[in-house]
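Enquirer: So that you have it, the file is my_file.tsv, and it contains TSV, C-alpha atoms and all ligand atoms:
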chain	number	residue	atom	x	y	z
J	1	MET	CA	100.36	106.61	78.38
J	2	PHE	CA	99.43	109.90	80.02
J	3	CYS	CA	96.78	110.59	77.31
J	4	LEU	CA	95.30	107.16	77.86
J	5	LEU	CA	95.03	107.75	81.61
J	6	VAL	CA	93.48	111.20	81.03
J	7	PHE	CA	90.81	109.58	78.84
J	8	MET	CA	90.18	106.89	81.43
J	9	CYS	CA	90.01	109.53	84.16
J	10	PHE	CA	87.76	112.14	82.53
J	11	GLY	CA	86.10	110.33	79.62
J	12	ASP	CA	87.23	110.44	76.01
J	13	ARG	CA	86.34	114.02	75.10
J	14	VAL	CA	89.42	115.85	76.35
J	15	GLU	CA	91.15	117.96	73.70
J	16	ASP	CA	94.90	117.76	73.02
J	17	LYS	CA	95.45	121.29	74.32
J	18	LYS	CA	93.74	120.45	77.59
J	19	ILE	CA	95.78	117.24	77.94
J	20	LYS	CA	98.97	119.31	77.59
J	21	GLU	CA	97.75	121.68	80.32
J	22	ILE	CA	96.96	118.77	82.65
J	23	GLU	CA	100.36	117.22	81.93
J	24	GLN	CA	102.13	120.47	82.76
J	25	VAL	CA	100.46	121.04	86.12
J	26	GLU	CA	100.84	117.40	87.12
J	27	ARG	CA	104.50	117.25	86.07
J	28	ARG	CA	105.39	120.44	87.94
J	29	MET	CA	103.86	119.01	91.12
J	30	VAL	CA	105.60	115.63	90.70
J	31	VAL	CA	109.09	116.98	90.00
J	32	ASN	CA	108.82	119.33	92.99
J	33	HIS	CA	107.47	116.57	95.19
J	34	SER	CA	110.50	116.24	97.46
J	35	ARG	CA	110.90	120.03	97.77
J	36	PHE	CA	107.26	120.32	98.84
J	37	ASN	CA	107.28	117.22	101.04
J	38	ILE	CA	109.27	119.04	103.72
J	39	LEU	CA	106.34	121.45	104.15
J	40	ASN	CA	104.50	118.59	105.88
J	41	PHE	CA	106.86	118.82	108.84
J	42	TRP	CA	105.95	121.44	111.35
J	43	PRO	CA	103.80	123.55	108.98
J	44	SER	CA	103.38	126.41	111.45
J	45	LEU	CA	107.17	126.92	111.44
J	46	SER	CA	107.76	126.16	107.76
J	47	LYS	CA	105.09	128.73	106.82
J	48	ILE	CA	107.47	131.36	108.24
J	49	VAL	CA	110.86	129.87	107.36
J	50	LEU	CA	109.91	128.49	103.93
J	51	ARG	CA	107.45	131.21	102.96
J	52	LYS	CA	108.45	131.26	99.30
J	53	ARG	CA	108.18	127.50	98.94
J	54	TRP	CA	104.70	127.55	100.51
J	55	ALA	CA	103.68	130.25	98.04
J	56	GLN	CA	104.97	128.16	95.11
J	57	PHE	CA	103.14	125.09	96.38
J	58	LEU	CA	99.85	126.93	96.88
J	59	GLN	CA	100.13	128.54	93.43
J	60	LEU	CA	100.72	125.15	91.84
J	61	ARG	CA	97.78	123.68	93.70
J	62	LYS	CA	95.63	126.58	92.47
J	63	ASP	CA	96.80	125.91	88.89
J	64	GLN	CA	95.84	122.26	89.28
J	65	GLU	CA	92.41	123.24	90.53
J	66	GLU	CA	91.92	125.64	87.60
J	67	VAL	CA	92.82	122.98	85.04
J	68	ILE	CA	91.18	119.91	86.55
J	69	LEU	CA	88.09	121.05	88.46
J	70	PRO	CA	86.25	122.11	85.24
J	71	LEU	CA	86.71	118.56	83.91
J	72	ILE	CA	85.27	117.07	87.09
J	73	ARG	CA	82.36	119.51	86.95
J	74	ALA	CA	81.73	118.63	83.30
J	75	ARG	CA	81.43	114.94	84.22
J	76	ARG	CA	79.05	115.85	87.04
J	77	GLU	CA	76.95	117.81	84.55
J	78	VAL	CA	76.87	114.87	82.09
J	79	LYS	CA	75.84	112.60	84.93
J	80	GLU	CA	73.04	114.91	86.01
J	81	GLN	CA	71.82	115.25	82.44
J	82	ARG	CA	71.78	111.50	82.06
J	83	LEU	CA	69.81	111.22	85.27
J	84	ARG	CA	67.33	113.71	83.85
J	85	ASN	CA	67.26	111.47	80.78
J	86	LEU	CA	68.58	114.18	78.50
J	87	ASN	CA	71.50	111.99	77.41
J	88	VAL	CA	73.40	114.61	75.39
J	89	GLU	CA	76.09	112.10	74.52
J	90	GLY	CA	73.83	109.86	72.47
J	91	ASN	CA	73.71	106.17	73.27
J	92	GLU	CA	77.40	105.68	73.84
J	93	HIS	CA	78.55	106.48	77.34
J	94	VAL	CA	81.99	105.45	78.52
J	95	VAL	CA	82.22	105.30	82.31
J	96	SER	CA	85.23	107.29	83.47
J	97	TYR	CA	87.17	107.09	86.75
J	98	VAL	CA	85.64	110.43	87.80
J	99	ASP	CA	82.13	109.01	87.23
J	100	THR	CA	82.87	106.23	89.69
J	101	LEU	CA	84.20	108.77	92.22
J	102	LEU	CA	81.10	110.93	91.84
J	103	ASP	CA	78.96	107.88	92.64
J	104	LEU	CA	81.08	106.76	95.56
J	105	GLN	CA	79.50	106.90	99.01
J	106	LEU	CA	81.96	106.71	101.92
J	107	PRO	CA	80.44	103.91	104.03
J	108	ASP	CA	81.72	105.03	107.46
J	109	GLU	CA	81.15	108.74	107.05
J	110	LYS	CA	77.97	108.23	104.99
J	111	ARG	CA	78.80	111.01	102.58
J	112	LYS	CA	80.02	111.57	99.04
J	113	LEU	CA	83.50	112.79	98.13
J	114	ASN	CA	83.89	116.55	97.71
J	115	GLU	CA	85.49	118.13	94.63
J	116	LEU	CA	88.92	118.57	96.17
J	117	GLU	CA	89.02	114.95	97.33
J	118	ILE	CA	88.11	113.86	93.79
J	119	LEU	CA	90.86	116.12	92.45
J	120	ASN	CA	93.40	114.48	94.78
J	121	LEU	CA	92.35	111.01	93.63
J	122	CYS	CA	92.63	112.08	89.98
J	123	ASN	CA	96.17	113.36	90.66
J	124	GLU	CA	97.06	110.04	92.25
J	125	PHE	CA	95.57	108.10	89.32
J	126	LEU	CA	97.38	110.15	86.66
J	127	ASN	CA	100.75	110.22	88.42
J	128	GLY	CA	100.69	106.70	89.85
J	129	GLY	CA	100.06	105.14	86.46
J	130	THR	CA	102.29	107.10	84.07
J	131	ASP	CA	106.02	106.92	84.89
J	132	THR	CA	105.72	103.48	86.45
J	133	THR	CA	104.13	101.89	83.38
J	134	THR	CA	106.24	103.72	80.78
J	135	THR	CA	109.44	102.83	82.63
J	136	ALA	CA	108.43	99.17	82.81
J	137	LEU	CA	107.53	99.24	79.11
J	138	GLN	CA	110.91	100.70	78.19
J	139	TRP	CA	112.79	98.04	80.17
J	140	ILE	CA	110.76	95.25	78.58
J	141	MET	CA	111.26	96.58	75.03
J	142	THR	CA	114.96	96.96	75.80
J	143	ASN	CA	115.24	93.29	76.67
J	144	LEU	CA	113.35	92.34	73.50
J	145	VAL	CA	115.93	94.31	71.51
J	146	LYS	CA	118.82	92.83	73.48
J	147	TYR	CA	117.55	89.27	73.03
J	148	PRO	CA	116.14	88.97	69.47
J	149	GLN	CA	115.37	85.27	69.98
J	150	ILE	CA	112.87	86.20	72.72
J	151	GLN	CA	111.31	88.83	70.43
J	152	GLU	CA	111.05	86.21	67.64
J	153	LYS	CA	109.41	83.66	69.93
J	154	LEU	CA	106.93	86.28	71.13
J	155	LEU	CA	106.08	87.28	67.57
J	156	LEU	CA	105.32	83.63	66.74
J	157	GLU	CA	102.97	83.39	69.73
J	158	ILE	CA	101.20	86.63	68.80
J	159	LYS	CA	100.72	85.58	65.15
J	160	GLU	CA	99.43	82.18	66.21
J	161	VAL	CA	96.77	83.84	68.37
J	162	VAL	CA	95.66	86.75	66.15
J	163	GLY	CA	96.06	84.89	62.84
J	164	GLU	CA	98.29	85.61	59.83
J	165	GLY	CA	97.63	89.01	58.23
J	166	GLU	CA	95.89	90.50	61.32
J	167	GLU	CA	97.45	93.87	62.18
J	168	VAL	CA	96.19	94.53	65.68
J	169	VAL	CA	96.26	92.56	68.92
J	170	LYS	CA	92.96	93.09	70.74
J	171	GLU	CA	92.46	93.07	74.48
J	172	ASP	CA	90.61	89.75	74.26
J	173	ASP	CA	93.60	88.08	72.55
J	174	LEU	CA	95.97	88.78	75.44
J	175	GLY	CA	94.58	86.01	77.67
J	176	ARG	CA	95.82	83.44	75.15
J	177	MET	CA	99.43	84.65	75.17
J	178	PRO	CA	101.27	83.01	78.10
J	179	TYR	CA	104.74	83.86	76.76
J	180	LEU	CA	103.76	87.54	76.59
J	181	LYS	CA	102.54	87.38	80.20
J	182	ALA	CA	105.82	85.69	81.21
J	183	ILE	CA	107.84	88.44	79.48
J	184	VAL	CA	105.94	91.17	81.32
J	185	LEU	CA	106.40	89.42	84.68
J	186	GLU	CA	110.11	88.88	83.98
J	187	GLY	CA	110.43	92.57	83.09
J	188	LEU	CA	108.82	93.56	86.39
J	189	ARG	CA	111.01	91.12	88.35
J	190	ARG	CA	114.30	92.10	86.72
J	191	HIS	CA	113.56	95.85	86.44
J	192	PRO	CA	110.95	96.88	89.02
J	193	PRO	CA	110.24	100.59	88.38
J	194	ALA	CA	109.87	101.31	92.11
J	195	ARG	CA	112.73	100.16	94.35
J	196	LEU	CA	110.80	100.84	97.54
J	197	VAL	CA	107.08	100.75	98.22
J	198	LEU	CA	105.34	103.68	99.91
J	199	PRO	CA	106.29	103.98	103.59
J	200	HIS	CA	104.28	101.63	105.81
J	201	ALA	CA	104.05	101.66	109.62
J	202	VAL	CA	103.70	98.76	112.04
J	203	THR	CA	100.58	98.82	114.22
J	204	LYS	CA	102.31	97.28	117.28
J	205	ASP	CA	105.88	96.56	118.45
J	206	THR	CA	107.15	93.97	115.98
J	207	VAL	CA	110.23	91.74	115.98
J	208	VAL	CA	111.90	91.30	112.59
J	209	GLY	CA	114.94	89.02	112.82
J	210	GLU	CA	117.21	90.66	115.42
J	211	PHE	CA	115.38	94.00	115.38
J	212	VAL	CA	112.40	95.42	117.18
J	213	VAL	CA	110.35	97.89	115.17
J	214	PRO	CA	108.43	99.99	117.68
J	215	LYS	CA	104.71	100.70	117.22
J	216	ASN	CA	104.17	103.28	114.44
J	217	GLY	CA	107.77	102.79	113.25
J	218	THR	CA	108.18	103.13	109.49
J	219	VAL	CA	109.07	100.06	107.47
J	220	ASN	CA	109.83	99.58	103.81
J	221	PHE	CA	110.91	96.76	101.51
J	222	MET	CA	113.84	96.32	99.12
J	223	VAL	CA	111.69	95.43	96.14
J	224	ALA	CA	114.44	94.80	93.59
J	225	ASP	CA	116.59	92.71	95.97
J	226	MET	CA	113.65	90.38	96.57
J	227	GLY	CA	113.30	89.72	92.84
J	228	TRP	CA	117.07	89.26	92.49
J	229	ASP	CA	117.52	86.85	95.42
J	230	SER	CA	119.56	83.88	94.18
J	231	LYS	CA	118.11	81.69	96.97
J	232	VAL	CA	114.70	82.11	95.37
J	233	TRP	CA	115.45	82.70	91.68
J	234	ASP	CA	117.83	80.70	89.51
J	235	ASP	CA	120.34	82.95	87.68
J	236	PRO	CA	118.41	86.03	88.88
J	237	MET	CA	120.13	88.72	86.82
J	238	ALA	CA	119.37	86.95	83.51
J	239	PHE	CA	116.24	87.81	81.51
J	240	LYS	CA	114.47	84.45	81.22
J	241	PRO	CA	110.69	84.67	80.74
J	242	GLU	CA	110.52	80.84	80.69
J	243	ARG	CA	110.96	80.80	84.47
J	244	PHE	CA	107.30	81.88	84.75
J	245	LEU	CA	105.96	79.13	82.47
J	246	ASN	CA	105.04	75.68	83.69
J	247	GLY	CA	105.22	72.52	81.54
J	248	GLU	CA	101.85	73.23	79.88
J	249	ARG	CA	103.11	76.66	78.79
J	250	GLU	CA	100.84	78.34	81.30
J	251	VAL	CA	101.65	81.10	83.77
J	252	SER	CA	100.49	80.42	87.30
J	253	PHE	CA	102.25	83.18	89.21
J	254	ASP	CA	100.48	85.15	91.93
J	255	ILE	CA	101.72	88.74	91.54
J	256	THR	CA	99.71	89.84	94.60
J	257	GLY	CA	101.81	87.61	96.87
J	258	SER	CA	98.73	86.30	98.68
J	259	ARG	CA	100.19	82.76	98.91
J	260	GLU	CA	103.93	83.49	99.02
J	261	ILE	CA	106.04	86.54	98.21
J	262	LYS	CA	108.87	85.91	95.75
J	263	MET	CA	108.82	89.41	94.29
J	264	MET	CA	106.60	92.43	94.87
J	265	PRO	CA	106.89	95.07	92.11
J	266	PHE	CA	103.42	96.34	93.10
J	267	GLY	CA	103.83	95.89	96.86
J	268	ALA	CA	101.69	93.29	98.64
J	269	GLY	CA	98.81	93.05	101.07
J	270	ARG	CA	96.18	95.68	101.81
J	271	ARG	CA	98.19	98.54	100.35
J	272	ILE	CA	99.19	96.76	97.12
J	273	CYS	CA	99.15	99.05	94.08
J	274	PRO	CA	95.46	99.41	93.20
J	275	GLY	CA	96.43	99.84	89.54
J	276	TYR	CA	98.34	96.54	89.18
J	277	GLY	CA	95.71	94.87	86.96
J	278	LEU	CA	95.50	97.93	84.73
J	279	ALA	CA	99.30	98.19	84.56
J	280	ILE	CA	99.69	94.56	83.48
J	281	LEU	CA	96.93	95.00	80.90
J	282	HIS	CA	98.59	98.14	79.50
J	283	LEU	CA	102.01	96.47	79.40
J	284	GLU	CA	100.74	93.33	77.67
J	285	TYR	CA	98.69	95.35	75.20
J	286	PHE	CA	101.47	97.78	74.27
J	287	VAL	CA	104.23	95.16	74.08
J	288	ALA	CA	102.11	92.84	71.91
J	289	ASN	CA	101.11	95.59	69.48
J	290	LEU	CA	104.59	97.13	69.30
J	291	ILE	CA	106.03	93.72	68.43
J	292	LEU	CA	103.31	92.75	65.96
J	293	SER	CA	103.63	96.04	64.05
J	294	PHE	CA	107.39	96.59	64.20
J	295	GLU	CA	110.65	94.70	64.17
J	296	TRP	CA	112.94	96.10	66.87
J	297	ARG	CA	116.69	95.79	66.33
J	298	ALA	CA	119.75	97.07	68.18
J	299	VAL	CA	121.73	99.83	66.53
J	300	ASP	CA	124.86	98.23	64.99
J	301	GLY	CA	127.57	97.64	67.58
J	302	ASP	CA	125.29	98.48	70.54
J	303	ASP	CA	125.02	95.60	72.99
J	304	ILE	CA	122.39	97.54	75.01
J	305	ASP	CA	123.43	98.96	78.33
J	306	LEU	CA	121.22	97.97	81.26
J	307	SER	CA	122.69	100.55	83.69
J	308	GLU	CA	120.11	102.25	85.87
J	309	LYS	CA	119.46	105.76	87.06
J	310	GLN	CA	117.14	106.96	89.83
J	311	GLU	CA	114.54	109.45	88.64
J	312	LEU	CA	110.90	109.32	89.72
J	313	THR	CA	111.28	105.63	88.97
J	314	ILE	CA	114.41	103.59	88.15
J	315	VAL	CA	114.98	104.43	84.50
J	316	MET	CA	117.63	103.46	81.94
J	317	LYS	CA	120.82	105.49	82.41
J	318	ASN	CA	121.27	105.37	78.62
J	319	PRO	CA	117.74	105.28	77.19
J	320	LEU	CA	116.95	102.66	74.59
J	321	CYS	CA	117.94	103.65	71.07
J	322	ALA	CA	116.82	101.09	68.48
J	323	HIS	CA	116.08	100.64	64.79
J	324	ILE	CA	112.44	99.89	64.21
J	325	SER	CA	110.94	98.86	60.91
J	326	ARG	CA	107.35	98.09	59.98
J	327	ARG	CA	106.90	94.36	59.68
J	328	ASP	CA	104.85	94.71	56.49
J	329	ALA	CA	106.58	97.58	54.66
J	330	GLY	CA	110.18	97.05	55.76
J	331	SER	CA	110.66	100.83	55.99
J	332	ARG	CA	113.31	101.90	58.49
J	333	ALA	CA	113.26	104.54	61.15
J	334	GLN	CA	115.41	105.24	64.16
J	335	VAL	CA	113.80	106.08	67.42
J	336	HIS	CA	115.13	107.25	70.74
J	337	ASP	CA	113.75	106.34	74.08
J	401	LIG	C1	104.14	98.93	86.14
J	401	LIG	C2	103.33	99.81	86.68
J	401	LIG	C3	103.18	100.07	88.16
J	401	LIG	C4	104.03	99.75	89.19
J	401	LIG	C5	105.36	98.99	89.13
J	401	LIG	C6	103.42	100.26	90.41
J	401	LIG	C7	103.96	100.09	91.68
J	401	LIG	C8	103.38	100.57	92.84
J	401	LIG	C9	103.91	100.37	94.15
J	401	LIG	C10	105.18	99.60	94.50
J	401	LIG	C11	103.07	100.99	95.01
J	401	LIG	C12	103.22	101.04	96.54
J	401	LIG	C13	102.53	99.86	97.19
J	401	LIG	C14	102.78	99.79	98.67
J	401	LIG	O1	103.04	100.82	99.30
J	401	LIG	O2	102.74	98.70	99.25
J	401	LIG	C15	102.01	101.60	94.25
J	401	LIG	C16	100.99	102.35	94.78
J	401	LIG	C17	100.02	102.98	94.02
J	401	LIG	N1	99.82	102.84	92.66
J	401	LIG	FE1	100.95	101.77	91.39
J	401	LIG	N2	102.24	100.87	90.09
J	401	LIG	C18	102.05	100.78	88.73
J	401	LIG	C19	100.97	101.24	88.00
J	401	LIG	C20	99.92	101.94	88.51
J	401	LIG	C21	98.76	102.37	87.78
J	401	LIG	C22	98.50	102.06	86.30
J	401	LIG	C23	97.98	103.09	88.63
J	401	LIG	C24	96.65	103.79	88.39
J	401	LIG	C25	96.24	104.19	87.24
J	401	LIG	C26	98.65	103.10	89.92
J	401	LIG	C27	98.18	103.73	91.05
J	401	LIG	C28	98.74	103.61	92.30
J	401	LIG	C29	98.21	104.27	93.49
J	401	LIG	C30	97.01	105.20	93.53
J	401	LIG	C31	99.01	103.87	94.57
J	401	LIG	C32	98.89	104.30	96.05
J	401	LIG	C33	98.06	103.30	96.82
J	401	LIG	C34	97.99	103.64	98.32
J	401	LIG	O3	98.25	104.77	98.70
J	401	LIG	O4	97.66	102.75	99.08
J	401	LIG	N3	99.81	102.38	89.81
J	401	LIG	N4	102.20	101.31	92.92
Show the structure stored in the file as C-alpha cells.
Ligand code: HEM
Expert:
Amino acid sequence: MFCLLVFMCFGDRVEDKKIKEIEQVERRMVVNHSRFNILNFWPSLSKIVLRKRWAQFLQLRKDQEEVILPLIRARREVKEQRLRNLNVEGNEHVVSYVDTLLDLQLPDEKRKLNELEILNLCNEFLNGGTDTTTTALQWIMTNLVKYPQIQEKLLLEIKEVVGEGEEVVKEDDLGRMPYLKAIVLEGLRRHPPARLVLPHAVTKDTVVGEFVVPKNGTVNFMVADMGWDSKVWDDPMAFKPERFLNGEREVSFDITGSREIKMMPFGAGRRICPGYGLAILHLEYFVANLILSFEWRAVDGDDIDLSEKQELTIVMKNPLCAHISRRDAGSRAQVHD
C-alpha cells in the first residue's frame, strides 16, 4: 500500500531503495508522533526543558527533507522540461500528486506552495493513506475467512462480472460489483480503523444535549459507537454486508453523511477524509483481486479472534493467520498478517 501511495505521490519512477528510505523516515515520524506532539505546547519553554526531544524532532525533519525534497525537485524539473517541450519521458506522462501541488495556486494568498509546504502535504498523503487502508483491508479479509459463505458469494459475483477464466479484476469492473461494495462498507462500519476523527472545534458556543461547548472548545465523535448503535443498525455486531443492499441488489449508501449520518468512518462535513474515494477504490480493488486469485481459509481449529488493539489505528490483537491457495493451481501456502 505504501509503495502504491509513493508512486501516486511522486510518479512511477521511484526505486525500491528510495521507497525503503521514504518509509523509514515517515515511520519514525509517525511512531514518535505523540512524543513530539507535546512540543507544540509552549515551545519557548519546551525548547529548554525538552531540549533532547526537540533535537530528535529537528533531526528527523531534516532526514525527511533530505529524502523527499529531491523527489519533489525532480518532478519540478520534469514539469519544466515538459513546458519547454523537451518531454524526456516520451509520450507517457502519469500525473502525480506532487504535480498537482506544483500547479496549485492558493486563491486567497495568490501564490504557489513552497517546497516545505509540498513536503508536509506529501507526508500527510503517505501517512494518512497507509495504516488506515491496510488495517481496513485486514479486517475485511478476516471476515471473509471467518464467514466462507460470504467469500463464496463474493467470488460468484466477481466471476460473473469479469468472466470465467479471467485472472484480474480491473478498475472498470468494480462498479458492477454491488456485493463487493457492500462488503467494504460493512467492514468500515464494523471495524472503523479510526475510533475518533481529528479534533474539531466549535466556532461559537454550542448546546449539545445537556452540555454547552464553549466557542473554540474541542469536540470529537465516537466513530465506532455510531456504527454499532442498535437503534440505527439491526444486529450491529454481526458482519452482514446485505444490510447495504436494496431489493435490486444495489448499494445506495451515502458514506459522506450529507443526507443523514448513520456511520462516519471517514468523518463527515467539510473536514471529511479527502482520501475517502481513493480508500474505497483501493479496498474494492485489493479485496476483489485477492479473492479472485486465492481461496482464503481459516487455519484448522481457529474460529478467528476479532479482539482489537489500539496502535496507530485499531488493529487486530491477534493478526489474521490464514491458509491461502491459488484458485487455479491449488497450491497451499500459509501467510501471517
Ligand atoms: C480506510 C481508509 C481511511 C480511513 C478509515 C480514513 C479516515 C479518516 C478520518 C476519520 C479522518 C478525519 C476526518 C475528520 O477529522 O473529520 C481522515 C483525515 C484525513 N485523511 Fe483519511 N482515511 C482513510 C484513507 C485515506 C487515504 C487513502 C488518504 C490519502 C491518500 C487519506 C488522507 C487523509 C488526510 C490528508 C486527512 C486530514 C484531512 C484534514 O486535515 O482535514 N486518508 N481520514
Enquirer: Between CA of Glu295 (chain J) and CA of Arg326 (chain J), what is the spacing in Å?
Expert: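 Computing the Euclidean distance for CA of Arg326 (chain J) and CA of Glu295 (chain J) yields 6.3 Å.
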Enquirer: Residues of chain J within 9 Å of ligand LIG 401 (chain J): nearest atom pair and distance (Å, one decimal) for each, counting only C-alpha atoms and all ligand atoms, sorted by chain and number, as a tab-separated table?
Expert:
residue	atom	partner	partner_atom	distance
J:Leu5	CA	J:LIG401	C25	6.8
J:Met8	CA	J:LIG401	C25	8.8
J:Cys9	CA	J:LIG401	C25	8.8
J:Leu121	CA	J:LIG401	C30	7.4
J:Cys122	CA	J:LIG401	C30	8.9
J:Asn123	CA	J:LIG401	C30	8.7
J:Glu124	CA	J:LIG401	C30	5.0
J:Phe125	CA	J:LIG401	C25	4.5
J:Leu126	CA	J:LIG401	C25	6.1
J:Asn127	CA	J:LIG401	C27	7.5
J:Gly128	CA	J:LIG401	C27	4.1
J:Gly129	CA	J:LIG401	C21	3.3
J:Thr130	CA	J:LIG401	C22	6.7
J:Asp131	CA	J:LIG401	C2	7.8
J:Thr132	CA	J:LIG401	C2	4.4
J:Thr133	CA	J:LIG401	C2	4.0
J:Thr134	CA	J:LIG401	C1	7.5
J:Thr135	CA	J:LIG401	C1	7.5
J:Ala136	CA	J:LIG401	C1	5.4
J:Leu137	CA	J:LIG401	C1	7.8
J:Leu188	CA	J:LIG401	C5	7.0
J:Pro192	CA	J:LIG401	C5	6.0
J:Pro193	CA	J:LIG401	C5	5.2
J:Ala194	CA	J:LIG401	C10	5.5
J:Arg195	CA	J:LIG401	C10	7.6
J:Leu196	CA	J:LIG401	C10	6.5
J:Val197	CA	J:LIG401	O1	4.2
J:Leu198	CA	J:LIG401	O1	3.7
J:Pro199	CA	J:LIG401	O1	6.2
J:His200	CA	J:LIG401	O1	6.7
J:Asn220	CA	J:LIG401	O1	8.2
J:Phe221	CA	J:LIG401	O2	8.7
J:Val223	CA	J:LIG401	C10	7.9
J:Met264	CA	J:LIG401	C10	7.3
J:Pro265	CA	J:LIG401	C5	5.2
J:Phe266	CA	J:LIG401	C10	4.0
J:Gly267	CA	J:LIG401	O2	3.8
J:Ala268	CA	J:LIG401	O2	5.5
J:Gly269	CA	J:LIG401	O2	7.1
J:Arg270	CA	J:LIG401	O2	7.7
J:Arg271	CA	J:LIG401	O4	4.4
J:Ile272	CA	J:LIG401	C13	4.6
J:Cys273	CA	J:LIG401	C15	3.8
J:Pro274	CA	J:LIG401	C28	5.4
J:Gly275	CA	J:LIG401	C23	3.7
J:Tyr276	CA	J:LIG401	C19	5.5
J:Gly277	CA	J:LIG401	C22	7.7
J:Leu278	CA	J:LIG401	C22	5.3
J:Ala279	CA	J:LIG401	C22	4.3
J:Ile280	CA	J:LIG401	C1	6.8
J:His282	CA	J:LIG401	C22	7.8
J:Leu283	CA	J:LIG401	C1	7.5
J:Thr313	CA	J:LIG401	C5	8.9
Enquirer: Rounded to one decimal in Å, what is the spacing between CA of Lys52 (chain J) and CA of Leu116 (chain J)?
Expert: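 These atoms are spaced 23.5 Å apart.
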Enquirer: Have a look at CA of His191 (chain J) and CA of Leu4 (chain J) and let me know their distance in Å, one decimal.
Expert: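 Separating CA of His191 (chain J) from CA of Leu4 (chain J) is a distance of 23.1 Å.
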Enquirer: With only C-alpha atoms as the basis for distance, which of J:Asn216, J:Asn143, J:Gln310, J:Thr203 is at the shortest distance from Trp296 (chain J)?
Expert: J:Asn143
Enquirer: I'd like to know which of J:Val207, J:Leu104, J:Ala322, J:Leu290 is closest to Asp302 (chain J), using all atoms listed in the file.
Expert: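 Counting all atoms listed in the file, the residue closest to Asp302 (chain J) is J:Ala322.
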Enquirer: Please determine, counting all atoms listed in the file, which residue among J:Thr206, J:Ser46, J:Asn289, J:Ser307 has the shortest atom-to-atom distance to Arg327 (chain J).
Expert: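 With all atoms listed in the file as the atom set, the closest residue is J:Asn289.
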Enquirer: Counting only C-alpha atoms, which residue out of J:Arg243, J:Lys159, J:Arg297, J:Arg51 sits closest to Tyr147 (chain J)?
Expert: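 With only C-alpha atoms as the atom set, the closest residue is J:Arg297.
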Enquirer: Atoms are missing here; could region 292-307 of chain J be completed with N, CA and C atoms and written as an mmCIF file, keeping the file's coordinate frame?
Expert:
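Saved as rebuild_36.cif:
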data_model
loop_
_atom_site.group_PDB
_atom_site.id
_atom_site.type_symbol
_atom_site.label_atom_id
_atom_site.label_comp_id
_atom_site.auth_asym_id
_atom_site.auth_seq_id
_atom_site.Cartn_x
_atom_site.Cartn_y
_atom_site.Cartn_z
ATOM 1 N N LEU J 292 104.008 93.209 67.175
ATOM 2 C CA LEU J 292 103.310 92.750 65.960
ATOM 3 C C LEU J 292 103.520 93.746 64.803
ATOM 4 N N SER J 293 103.524 95.037 65.119
ATOM 5 C CA SER J 293 103.630 96.040 64.050
ATOM 6 C C SER J 293 105.065 96.290 63.605
ATOM 7 N N PHE J 294 106.019 96.196 64.536
ATOM 8 C CA PHE J 294 107.390 96.590 64.200
ATOM 9 C C PHE J 294 108.413 95.524 64.574
ATOM 10 N N GLU J 295 109.479 95.497 63.777
ATOM 11 C CA GLU J 295 110.650 94.700 64.170
ATOM 12 C C GLU J 295 111.591 95.662 64.899
ATOM 13 N N TRP J 296 112.045 95.257 66.058
ATOM 14 C CA TRP J 296 112.940 96.100 66.870
ATOM 15 C C TRP J 296 114.339 95.500 66.840
ATOM 16 N N ARG J 297 115.312 96.297 66.424
ATOM 17 C CA ARG J 297 116.690 95.790 66.330
ATOM 18 C C ARG J 297 117.652 96.755 67.005
ATOM 19 N N ALA J 298 118.725 96.203 67.561
ATOM 20 C CA ALA J 298 119.750 97.070 68.180
ATOM 21 C C ALA J 298 120.471 97.851 67.101
ATOM 22 N N VAL J 299 120.884 99.060 67.429
ATOM 23 C CA VAL J 299 121.730 99.830 66.530
ATOM 24 C C VAL J 299 123.059 99.081 66.419
ATOM 25 N N ASP J 300 123.640 99.017 65.207
ATOM 26 C CA ASP J 300 124.860 98.230 64.990
ATOM 27 C C ASP J 300 125.917 98.531 66.064
ATOM 28 N N GLY J 301 126.480 97.474 66.616
ATOM 29 C CA GLY J 301 127.570 97.640 67.580
ATOM 30 C C GLY J 301 127.095 97.958 68.992
ATOM 31 N N ASP J 302 125.790 98.138 69.196
ATOM 32 C CA ASP J 302 125.290 98.480 70.540
ATOM 33 C C ASP J 302 124.815 97.197 71.218
ATOM 34 N N ASP J 303 125.483 96.839 72.350
ATOM 35 C CA ASP J 303 125.020 95.600 72.990
ATOM 36 C C ASP J 303 124.007 95.914 74.106
ATOM 37 N N ILE J 304 123.476 97.105 74.111
ATOM 38 C CA ILE J 304 122.390 97.540 75.010
ATOM 39 C C ILE J 304 122.828 97.544 76.482
ATOM 40 N N ASP J 305 122.959 98.745 76.962
ATOM 41 C CA ASP J 305 123.430 98.960 78.330
ATOM 42 C C ASP J 305 122.249 98.953 79.305
ATOM 43 N N LEU J 306 122.324 98.075 80.302
ATOM 44 C CA LEU J 306 121.220 97.970 81.260
ATOM 45 C C LEU J 306 121.483 98.782 82.546
ATOM 46 N N SER J 307 122.430 99.748 82.478
ATOM 47 C CA SER J 307 122.690 100.550 83.690
ATOM 48 C C SER J 307 121.435 101.347 84.050
#
